[in-house]
Amino acid sequence: MDKKEEKIEIIDLYAEHVYANLVSFNVNPEEICLGMGIRDVKDLTRVNIHTYAHMTIPHFLRFADMVNKQVDLLIEKGVISREPEQ
């Protein structure tokens with residue numbers, strides 16, 4: 001039996017665009033907190049976190065599933081590979 005797809009209207013007129021070259025995960029039994037930040041180019045041991053996204057565990061699992069599906073799609077299209085960088 002196929003899952004019935006939910007129709008969702010996404011409105012992103014006021015969405016902020018953030019850029020990060022480092023993502024951290026703070027985990028507790030109730031939520032996952034993703035910290036997004038920029039590594040300091042003058043001191044690579046420092047990261048300036050500028051945004052935190054808090055997700056419940058079920059939301060994080062759905063997020064992780066979607067990320068994996070997107071990675072698989074990019075691999076299938078030949079955009080990236082799972083081979084480690086050299």
# chains A, B, ... in the order shown; residues from 1 in each chain; ligands from 1
call {"tool": "select_by_dssp", "arguments": {"residues": "chain A", "states": "helix (DSSP H, G or I)", "output": "PyMOL selection string"}}
result
chain A and resi 57-76
call {"tool": "write_last_selection", "arguments": {"atoms": "C-alpha atoms", "output": "PDB file, in the first residue's frame"}}
result
ATOM      1  CA  ILE A  57      14.143  13.373  17.759  1.00  0.00           C
ATOM      2  CA  PRO A  58      11.400  12.299  15.266  1.00  0.00           C
ATOM      3  CA  HIS A  59      11.885  15.502  13.234  1.00  0.00           C
ATOM      4  CA  PHE A  60      15.646  14.986  13.215  1.00  0.00           C
ATOM      5  CA  LEU A  61      15.197  11.397  11.988  1.00  0.00           C
ATOM      6  CA  ARG A  62      13.007  12.647   9.114  1.00  0.00           C
ATOM      7  CA  PHE A  63      15.608  15.333   8.369  1.00  0.00           C
ATOM      8  CA  ALA A  64      18.400  12.726   8.320  1.00  0.00           C
ATOM      9  CA  ASP A  65      16.335  10.484   6.021  1.00  0.00           C
ATOM     10  CA  MET A  66      15.801  13.365   3.588  1.00  0.00           C
ATOM     11  CA  VAL A  67      19.526  14.231   3.635  1.00  0.00           C
ATOM     12  CA  ASN A  68      20.408  10.601   2.838  1.00  0.00           C
ATOM     13  CA  LYS A  69      17.895  10.547  -0.026  1.00  0.00           C
ATOM     14  CA  GLN A  70      19.361  13.750  -1.452  1.00  0.00           C
ATOM     15  CA  VAL A  71      22.903  12.332  -1.194  1.00  0.00           C
ATOM     16  CA  ASP A  72      21.789   9.156  -2.978  1.00  0.00           C
ATOM     17  CA  LEU A  73      20.183  11.285  -5.725  1.00  0.00           C
ATOM     18  CA  LEU A  74      23.365  13.338  -6.180  1.00  0.00           C
ATOM     19  CA  ILE A  75      25.432  10.128  -6.378  1.00  0.00           C
ATOM     20  CA  GLU A  76      22.992   8.651  -8.899  1.00  0.00           C
TER      21      GLU A  76
END
call {"tool": "atom_distance", "arguments": {"atom1": "atom CA of A:Glu9", "atom2": "atom CA of A:Met55"}}
result
20.5 Å
call {"tool": "atom_distance", "arguments": {"atom1": "atom CA of A:Ile38", "atom2": "atom CA of A:Ala15"}}
result
19.4 Å
call {"tool": "residues_around", "arguments": {"residues": "A:Ile49", "least_positions_apart": "3", "cutoff": "7 Å", "atoms": "only C-alpha atoms", "output": "list in words"}}
result
Gly35, Met36, Gly37 and Ile38 of chain A
call {"tool": "write_last_selection", "arguments": {"atoms": "N, CA, C and O atoms", "output": "PDB file, in the first residue's frame"}}
result
ATOM      1  N   GLY A  35      23.944  23.272  15.313  1.00  0.00           N
ATOM      2  CA  GLY A  35      24.592  24.578  15.314  1.00  0.00           C
ATOM      3  C   GLY A  35      25.257  24.777  13.974  1.00  0.00           C
ATOM      4  O   GLY A  35      25.986  23.912  13.498  1.00  0.00           O
ATOM      5  N   MET A  36      24.988  25.897  13.330  1.00  0.00           N
ATOM      6  CA  MET A  36      25.599  26.189  12.039  1.00  0.00           C
ATOM      7  C   MET A  36      26.528  27.372  12.215  1.00  0.00           C
ATOM      8  O   MET A  36      26.157  28.376  12.821  1.00  0.00           O
ATOM      9  N   GLY A  37      27.740  27.232  11.690  1.00  0.00           N
ATOM     10  CA  GLY A  37      28.702  28.300  11.893  1.00  0.00           C
ATOM     11  C   GLY A  37      29.751  28.372  10.816  1.00  0.00           C
ATOM     12  O   GLY A  37      29.801  27.562   9.897  1.00  0.00           O
ATOM     13  N   ILE A  38      30.600  29.369  10.971  1.00  0.00           N
ATOM     14  CA  ILE A  38      31.703  29.613  10.050  1.00  0.00           C
ATOM     15  C   ILE A  38      33.005  29.454  10.822  1.00  0.00           C
ATOM     16  O   ILE A  38      33.186  30.069  11.872  1.00  0.00           O
TER      17      ILE A  38
END
call {"tool": "select_by_dssp", "arguments": {"residues": "chain A", "states": "strand (DSSP E or B)", "output": "PyMOL selection string"}}
result
chain A and resi 22-27+31-39+47-56
call {"tool": "write_last_selection", "arguments": {"atoms": "C-alpha atoms", "output": "tab-separated table (two decimals), in the first residue's frame"}}
result
chain	number	residue	atom	x	y	z
A	22	LEU	CA	30.73	23.66	9.96
A	23	VAL	CA	27.71	22.00	11.57
A	24	SER	CA	27.64	20.80	15.16
A	25	PHE	CA	25.16	18.51	16.89
A	26	ASN	CA	24.15	18.90	20.52
A	27	VAL	CA	22.06	15.89	21.53
A	31	GLU	CA	15.95	17.09	21.03
A	32	ILE	CA	18.81	17.56	18.62
A	33	CYS	CA	20.27	21.04	18.30
A	34	LEU	CA	22.10	21.75	15.03
A	35	GLY	CA	24.59	24.58	15.31
A	36	MET	CA	25.60	26.19	12.04
A	37	GLY	CA	28.70	28.30	11.89
A	38	ILE	CA	31.70	29.61	10.05
A	39	ARG	CA	35.20	28.46	10.90
A	47	VAL	CA	34.07	28.44	15.00
A	48	ASN	CA	31.57	31.27	15.17
A	49	ILE	CA	28.14	29.63	15.51
A	50	HIS	CA	25.49	31.94	14.08
A	51	THR	CA	22.36	29.78	14.01
A	52	TYR	CA	20.85	26.99	16.10
A	53	ALA	CA	18.04	24.79	14.80
A	54	HIS	CA	16.24	22.74	17.47
A	55	MET	CA	14.46	19.56	16.37
A	56	THR	CA	12.64	16.84	18.22
call {"tool": "decode", "arguments": {"residues": "stretch 16-30 of chain A", "atoms": "all heavy atoms", "output": "PDB file, in the first residue's frame"}}
result
ATOM      1  N   GLU A  16      15.383  33.374   6.034  1.00  0.00           N
ATOM      2  CA  GLU A  16      16.761  33.859   6.026  1.00  0.00           C
ATOM      3  C   GLU A  16      17.653  32.807   5.383  1.00  0.00           C
ATOM      4  O   GLU A  16      17.439  31.614   5.562  1.00  0.00           O
ATOM      5  CB  GLU A  16      17.235  34.125   7.454  1.00  0.00           C
ATOM      6  CG  GLU A  16      16.557  35.308   8.090  1.00  0.00           C
ATOM      7  CD  GLU A  16      17.171  35.650   9.438  1.00  0.00           C
ATOM      8  OE1 GLU A  16      18.413  35.566   9.558  1.00  0.00           O
ATOM      9  OE2 GLU A  16      16.418  35.977  10.344  1.00  0.00           O
ATOM     10  N   HIS A  17      18.639  33.265   4.652  1.00  0.00           N
ATOM     11  CA  HIS A  17      19.633  32.368   4.070  1.00  0.00           C
ATOM     12  C   HIS A  17      20.876  32.445   4.939  1.00  0.00           C
ATOM     13  O   HIS A  17      21.381  33.526   5.209  1.00  0.00           O
ATOM     14  CB  HIS A  17      19.962  32.781   2.632  1.00  0.00           C
ATOM     15  CG  HIS A  17      18.822  32.571   1.709  1.00  0.00           C
ATOM     16  ND1 HIS A  17      18.769  31.520   0.825  1.00  0.00           N
ATOM     17  CD2 HIS A  17      17.670  33.250   1.548  1.00  0.00           C
ATOM     18  CE1 HIS A  17      17.636  31.570   0.153  1.00  0.00           C
ATOM     19  NE2 HIS A  17      16.953  32.612   0.574  1.00  0.00           N
ATOM     20  N   VAL A  18      21.334  31.290   5.398  1.00  0.00           N
ATOM     21  CA  VAL A  18      22.529  31.249   6.233  1.00  0.00           C
ATOM     22  C   VAL A  18      23.566  30.364   5.536  1.00  0.00           C
ATOM     23  O   VAL A  18      23.222  29.451   4.798  1.00  0.00           O
ATOM     24  CB  VAL A  18      22.234  30.729   7.659  1.00  0.00           C
ATOM     25  CG1 VAL A  18      21.283  31.655   8.383  1.00  0.00           C
ATOM     26  CG2 VAL A  18      21.672  29.328   7.636  1.00  0.00           C
ATOM     27  N   TYR A  19      24.804  30.667   5.787  1.00  0.00           N
ATOM     28  CA  TYR A  19      25.894  29.925   5.180  1.00  0.00           C
ATOM     29  C   TYR A  19      26.763  29.353   6.287  1.00  0.00           C
ATOM     30  O   TYR A  19      27.004  30.017   7.291  1.00  0.00           O
ATOM     31  CB  TYR A  19      26.719  30.843   4.262  1.00  0.00           C
ATOM     32  CG  TYR A  19      25.872  31.410   3.156  1.00  0.00           C
ATOM     33  CD1 TYR A  19      25.162  32.598   3.338  1.00  0.00           C
ATOM     34  CD2 TYR A  19      25.742  30.735   1.949  1.00  0.00           C
ATOM     35  CE1 TYR A  19      24.357  33.100   2.332  1.00  0.00           C
ATOM     36  CE2 TYR A  19      24.938  31.242   0.940  1.00  0.00           C
ATOM     37  CZ  TYR A  19      24.247  32.417   1.138  1.00  0.00           C
ATOM     38  OH  TYR A  19      23.449  32.911   0.144  1.00  0.00           O
ATOM     39  N   ALA A  20      27.206  28.124   6.091  1.00  0.00           N
ATOM     40  CA  ALA A  20      28.012  27.475   7.121  1.00  0.00           C
ATOM     41  C   ALA A  20      29.038  26.569   6.462  1.00  0.00           C
ATOM     42  O   ALA A  20      28.774  25.985   5.417  1.00  0.00           O
ATOM     43  CB  ALA A  20      27.122  26.671   8.057  1.00  0.00           C
ATOM     44  N   ASN A  21      30.192  26.485   7.088  1.00  0.00           N
ATOM     45  CA  ASN A  21      31.160  25.487   6.663  1.00  0.00           C
ATOM     46  C   ASN A  21      31.451  24.516   7.800  1.00  0.00           C
ATOM     47  O   ASN A  21      32.371  23.730   7.730  1.00  0.00           O
ATOM     48  CB  ASN A  21      32.441  26.118   6.109  1.00  0.00           C
ATOM     49  CG  ASN A  21      33.189  26.958   7.111  1.00  0.00           C
ATOM     50  OD1 ASN A  21      32.876  26.964   8.301  1.00  0.00           O
ATOM     51  ND2 ASN A  21      34.173  27.694   6.632  1.00  0.00           N
ATOM     52  N   LEU A  22      30.625  24.606   8.855  1.00  0.00           N
ATOM     53  CA  LEU A  22      30.731  23.661   9.955  1.00  0.00           C
ATOM     54  C   LEU A  22      29.362  23.517  10.621  1.00  0.00           C
ATOM     55  O   LEU A  22      28.662  24.506  10.825  1.00  0.00           O
ATOM     56  CB  LEU A  22      31.738  24.131  11.000  1.00  0.00           C
ATOM     57  CG  LEU A  22      32.050  23.054  12.036  1.00  0.00           C
ATOM     58  CD1 LEU A  22      33.544  22.884  12.153  1.00  0.00           C
ATOM     59  CD2 LEU A  22      31.425  23.369  13.351  1.00  0.00           C
ATOM     60  N   VAL A  23      28.979  22.278  10.886  1.00  0.00           N
ATOM     61  CA  VAL A  23      27.715  22.004  11.568  1.00  0.00           C
ATOM     62  C   VAL A  23      28.025  21.165  12.796  1.00  0.00           C
ATOM     63  O   VAL A  23      28.768  20.191  12.723  1.00  0.00           O
ATOM     64  CB  VAL A  23      26.726  21.259  10.644  1.00  0.00           C
ATOM     65  CG1 VAL A  23      25.461  20.888  11.388  1.00  0.00           C
ATOM     66  CG2 VAL A  23      26.402  22.086   9.417  1.00  0.00           C
ATOM     67  N   SER A  24      27.461  21.572  13.936  1.00  0.00           N
ATOM     68  CA  SER A  24      27.642  20.804  15.164  1.00  0.00           C
ATOM     69  C   SER A  24      26.312  20.208  15.582  1.00  0.00           C
ATOM     70  O   SER A  24      25.250  20.687  15.166  1.00  0.00           O
ATOM     71  CB  SER A  24      28.181  21.703  16.286  1.00  0.00           C
ATOM     72  OG  SER A  24      27.210  22.673  16.648  1.00  0.00           O
ATOM     73  N   PHE A  25      26.364  19.149  16.382  1.00  0.00           N
ATOM     74  CA  PHE A  25      25.160  18.508  16.895  1.00  0.00           C
ATOM     75  C   PHE A  25      25.258  18.452  18.406  1.00  0.00           C
ATOM     76  O   PHE A  25      26.214  17.910  18.949  1.00  0.00           O
ATOM     77  CB  PHE A  25      25.017  17.077  16.362  1.00  0.00           C
ATOM     78  CG  PHE A  25      24.789  16.998  14.888  1.00  0.00           C
ATOM     79  CD1 PHE A  25      25.860  16.859  14.015  1.00  0.00           C
ATOM     80  CD2 PHE A  25      23.516  17.068  14.377  1.00  0.00           C
ATOM     81  CE1 PHE A  25      25.654  16.788  12.651  1.00  0.00           C
ATOM     82  CE2 PHE A  25      23.292  16.999  13.012  1.00  0.00           C
ATOM     83  CZ  PHE A  25      24.369  16.857  12.153  1.00  0.00           C
ATOM     84  N   ASN A  26      24.284  19.030  19.074  1.00  0.00           N
ATOM     85  CA  ASN A  26      24.145  18.898  20.521  1.00  0.00           C
ATOM     86  C   ASN A  26      22.917  18.020  20.741  1.00  0.00           C
ATOM     87  O   ASN A  26      21.826  18.351  20.290  1.00  0.00           O
ATOM     88  CB  ASN A  26      23.962  20.262  21.186  1.00  0.00           C
ATOM     89  CG  ASN A  26      25.171  21.146  20.981  1.00  0.00           C
ATOM     90  OD1 ASN A  26      26.296  20.703  21.101  1.00  0.00           O
ATOM     91  ND2 ASN A  26      24.937  22.401  20.634  1.00  0.00           N
ATOM     92  N   VAL A  27      23.114  16.903  21.417  1.00  0.00           N
ATOM     93  CA  VAL A  27      22.064  15.890  21.534  1.00  0.00           C
ATOM     94  C   VAL A  27      21.684  15.690  22.994  1.00  0.00           C
ATOM     95  O   VAL A  27      22.544  15.630  23.868  1.00  0.00           O
ATOM     96  CB  VAL A  27      22.564  14.545  20.962  1.00  0.00           C
ATOM     97  CG1 VAL A  27      21.486  13.482  21.049  1.00  0.00           C
ATOM     98  CG2 VAL A  27      23.059  14.717  19.534  1.00  0.00           C
ATOM     99  N   ASN A  28      20.383  15.615  23.243  1.00  0.00           N
ATOM    100  CA  ASN A  28      19.893  15.186  24.551  1.00  0.00           C
ATOM    101  C   ASN A  28      18.705  14.272  24.303  1.00  0.00           C
ATOM    102  O   ASN A  28      18.298  14.093  23.158  1.00  0.00           O
ATOM    103  CB  ASN A  28      19.575  16.394  25.458  1.00  0.00           C
ATOM    104  CG  ASN A  28      18.373  17.184  25.013  1.00  0.00           C
ATOM    105  OD1 ASN A  28      17.311  16.642  24.735  1.00  0.00           O
ATOM    106  ND2 ASN A  28      18.531  18.506  24.943  1.00  0.00           N
ATOM    107  N   PRO A  29      18.126  13.659  25.315  1.00  0.00           N
ATOM    108  CA  PRO A  29      17.048  12.687  25.090  1.00  0.00           C
ATOM    109  C   PRO A  29      15.783  13.272  24.469  1.00  0.00           C
ATOM    110  O   PRO A  29      14.938  12.522  23.983  1.00  0.00           O
ATOM    111  CB  PRO A  29      16.746  12.152  26.491  1.00  0.00           C
ATOM    112  CG  PRO A  29      17.983  12.385  27.269  1.00  0.00           C
ATOM    113  CD  PRO A  29      18.569  13.652  26.715  1.00  0.00           C
ATOM    114  N   GLU A  30      15.643  14.593  24.456  1.00  0.00           N
ATOM    115  CA  GLU A  30      14.414  15.196  23.945  1.00  0.00           C
ATOM    116  C   GLU A  30      14.571  15.895  22.607  1.00  0.00           C
ATOM    117  O   GLU A  30      13.600  16.060  21.876  1.00  0.00           O
ATOM    118  CB  GLU A  30      13.874  16.190  24.973  1.00  0.00           C
ATOM    119  CG  GLU A  30      13.467  15.512  26.261  1.00  0.00           C
ATOM    120  CD  GLU A  30      13.107  16.502  27.347  1.00  0.00           C
ATOM    121  OE1 GLU A  30      13.160  17.719  27.103  1.00  0.00           O
ATOM    122  OE2 GLU A  30      12.784  16.042  28.447  1.00  0.00           O
TER     123      GLU A  30
END
